[in-house]
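Reading through the structure tokens given below for one structure.
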Amino acid sequence: MKNKYYKIELAFFLILAAMCAGYGALALQMPLGRLSNPAQGFFPGLMSLIGFVLSLLCAYKSFRKLKGPQDDVKPGVDFGQKSSLVTVAVYLGMILFFIIFADIIGSYTCLFLLVLALSKAQGLPGVVKPLILALCSAVVFYLVFGSFLGVMLPTGFLV
């Protein structure tokens, strides 16, 4: 039934939020540095905060589905593209892709592909809007990390 699925989904996102909070606590033990000169705890701390907030938002969404009106719900479990578990699986897969291939094809190219895939997974309509979003993200990423902060990221063979 849908209620059982939403309970599992809610538990998954709450466990994920707890894992992000634990990772954030470990990241806070390292020096954070400043925005213009980040230390080794800055990026893990930022990622754990983002993961924590997104997990709580997804948990809240699952909780609302669980407590919302169930009159128009058909029996069975929908694992379609709009399912939160499928979306999280796509997120994790794309982040794994980024980690593995950033050295090979470059960080900026991987970020472009990451944002493009994730925007399509979220259901952004058309092709032009996801391409513009991905291109703007890669350019901003380059401006912030490559120009402003001077971080030497892998450029790969494509750049």
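Quick note on naming: the chains in the structure tokens go A, B, ... in the order shown, residues restart at 1 in each chain, and ligands are numbered from 1 in order of appearance.
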Name the residues of range 101-139 of chain A that fall into helix (DSSP H, G or I) according to DSSP on the backbone, using the chain letters and numbers of this document, as a PDB file with C-alpha atoms, in the first residue's frame.
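Below you can see selection-v8.pdb, which holds the result:
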```pdb
ATOM      1  CA  PHE A 101      35.236  10.884 -13.927  1.00  0.00           C
ATOM      2  CA  ALA A 102      36.217  14.369 -12.676  1.00  0.00           C
ATOM      3  CA  ASP A 103      39.909  13.556 -13.097  1.00  0.00           C
ATOM      4  CA  ILE A 104      39.394  12.044 -16.540  1.00  0.00           C
ATOM      5  CA  ILE A 105      37.077  14.501 -18.303  1.00  0.00           C
ATOM      6  CA  SER A 107      35.584  18.969 -13.082  1.00  0.00           C
ATOM      7  CA  TYR A 108      33.819  21.648 -15.123  1.00  0.00           C
ATOM      8  CA  THR A 109      32.645  19.195 -17.778  1.00  0.00           C
ATOM      9  CA  CYS A 110      31.468  16.767 -15.086  1.00  0.00           C
ATOM     10  CA  LEU A 111      29.587  19.539 -13.333  1.00  0.00           C
ATOM     11  CA  PHE A 112      27.894  20.471 -16.612  1.00  0.00           C
ATOM     12  CA  LEU A 113      26.789  16.845 -17.128  1.00  0.00           C
ATOM     13  CA  LEU A 114      25.788  16.498 -13.471  1.00  0.00           C
ATOM     14  CA  VAL A 115      23.520  19.546 -13.482  1.00  0.00           C
ATOM     15  CA  LEU A 116      22.070  18.582 -16.864  1.00  0.00           C
ATOM     16  CA  ALA A 117      21.166  15.067 -15.695  1.00  0.00           C
ATOM     17  CA  LEU A 118      19.824  16.194 -12.337  1.00  0.00           C
ATOM     18  CA  SER A 119      17.678  18.937 -13.860  1.00  0.00           C
ATOM     19  CA  LYS A 120      16.143  16.396 -16.229  1.00  0.00           C
ATOM     20  CA  ALA A 121      15.648  13.954 -13.324  1.00  0.00           C
ATOM     21  CA  VAL A 128      17.032  24.511 -23.588  1.00  0.00           C
ATOM     22  CA  LYS A 129      16.360  25.300 -19.914  1.00  0.00           C
ATOM     23  CA  PRO A 130      18.443  22.373 -18.566  1.00  0.00           C
ATOM     24  CA  LEU A 131      21.275  23.225 -20.973  1.00  0.00           C
ATOM     25  CA  ILE A 132      21.261  26.883 -19.897  1.00  0.00           C
ATOM     26  CA  LEU A 133      21.152  25.888 -16.226  1.00  0.00           C
ATOM     27  CA  ALA A 134      24.026  23.418 -16.687  1.00  0.00           C
ATOM     28  CA  LEU A 135      26.117  25.912 -18.659  1.00  0.00           C
ATOM     29  CA  CYS A 136      25.538  28.702 -16.118  1.00  0.00           C
ATOM     30  CA  SER A 137      26.416  26.336 -13.259  1.00  0.00           C
ATOM     31  CA  ALA A 138      29.676  25.301 -14.915  1.00  0.00           C
ATOM     32  CA  VAL A 139      30.610  28.922 -15.664  1.00  0.00           C
TER      33      VAL A 139
END
```
Nearby residues (only C-alpha atoms) at most 12 Å from Gly150 in chain A, same-chain spacing under 4 positions excluded, as an mmCIF file with N, CA and C atoms, in the first residue's frame:
```cif
data_model
loop_
_atom_site.group_PDB
_atom_site.id
_atom_site.type_symbol
_atom_site.label_atom_id
_atom_site.label_comp_id
_atom_site.auth_asym_id
_atom_site.auth_seq_id
_atom_site.Cartn_x
_atom_site.Cartn_y
_atom_site.Cartn_z
ATOM 1 N N LEU A 35 35.758 31.794 3.336
ATOM 2 C CA LEU A 35 35.254 31.582 1.982
ATOM 3 C C LEU A 35 36.342 31.850 0.953
ATOM 4 N N SER A 36 37.168 32.853 1.190
ATOM 5 C CA SER A 36 38.238 33.169 0.248
ATOM 6 C C SER A 36 39.439 32.221 0.390
ATOM 7 N N ASN A 37 39.531 31.529 1.529
ATOM 8 C CA ASN A 37 40.627 30.595 1.758
ATOM 9 C C ASN A 37 40.090 29.393 2.535
ATOM 10 N N PRO A 38 39.342 28.504 1.860
ATOM 11 C CA PRO A 38 38.728 27.383 2.585
ATOM 12 C C PRO A 38 39.768 26.366 3.042
ATOM 13 N N PHE A 141 30.768 27.938 -11.430
ATOM 14 C CA PHE A 141 31.711 27.064 -10.735
ATOM 15 C C PHE A 141 33.148 27.434 -11.114
ATOM 16 N N TYR A 142 33.389 27.664 -12.405
ATOM 17 C CA TYR A 142 34.725 28.058 -12.852
ATOM 18 C C TYR A 142 35.110 29.428 -12.292
ATOM 19 N N LEU A 143 34.183 30.394 -12.335
ATOM 20 C CA LEU A 143 34.488 31.731 -11.845
ATOM 21 C C LEU A 143 34.794 31.732 -10.355
ATOM 22 N N VAL A 144 34.004 30.977 -9.578
ATOM 23 C CA VAL A 144 34.212 30.959 -8.131
ATOM 24 C C VAL A 144 35.480 30.197 -7.772
ATOM 25 N N PHE A 145 35.603 28.954 -8.272
ATOM 26 C CA PHE A 145 36.723 28.118 -7.854
ATOM 27 C C PHE A 145 37.981 28.343 -8.686
ATOM 28 N N GLY A 146 37.834 28.518 -9.986
ATOM 29 C CA GLY A 146 39.007 28.672 -10.841
ATOM 30 C C GLY A 146 39.605 30.063 -10.795
#
```
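Among the candidates A:Glu9, A:Pro31, A:Leu96, A:Gly126, the one nearest to Lys61 in chain A when counting only C-alpha atoms is A:Glu9.
Nearest residue to Ala17 in chain A, choosing from A:Phe98, A:Tyr91, A:Phe148, A:Tyr60 and counting only C-alpha atoms: A:Tyr60.
With only C-alpha atoms as the atoms that count, the residue of A:Ser147, A:Asn3, A:Gln40, A:Ser48 with the shortest distance to Gly22 in chain A is A:Ser48.
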So that I can see what lies close to Leu49 in chain A, please list as a PyMOL selection string the residues with an atom at most 8 Å from it, counting only C-alpha atoms and leaving out residues fewer than 2 positions away in the same chain. chain A and resi 20-21+24+45-47+51-53
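Interatomic distance, CA of Leu14 in chain A against CA of Ile100 in chain A: 27.3 Å.
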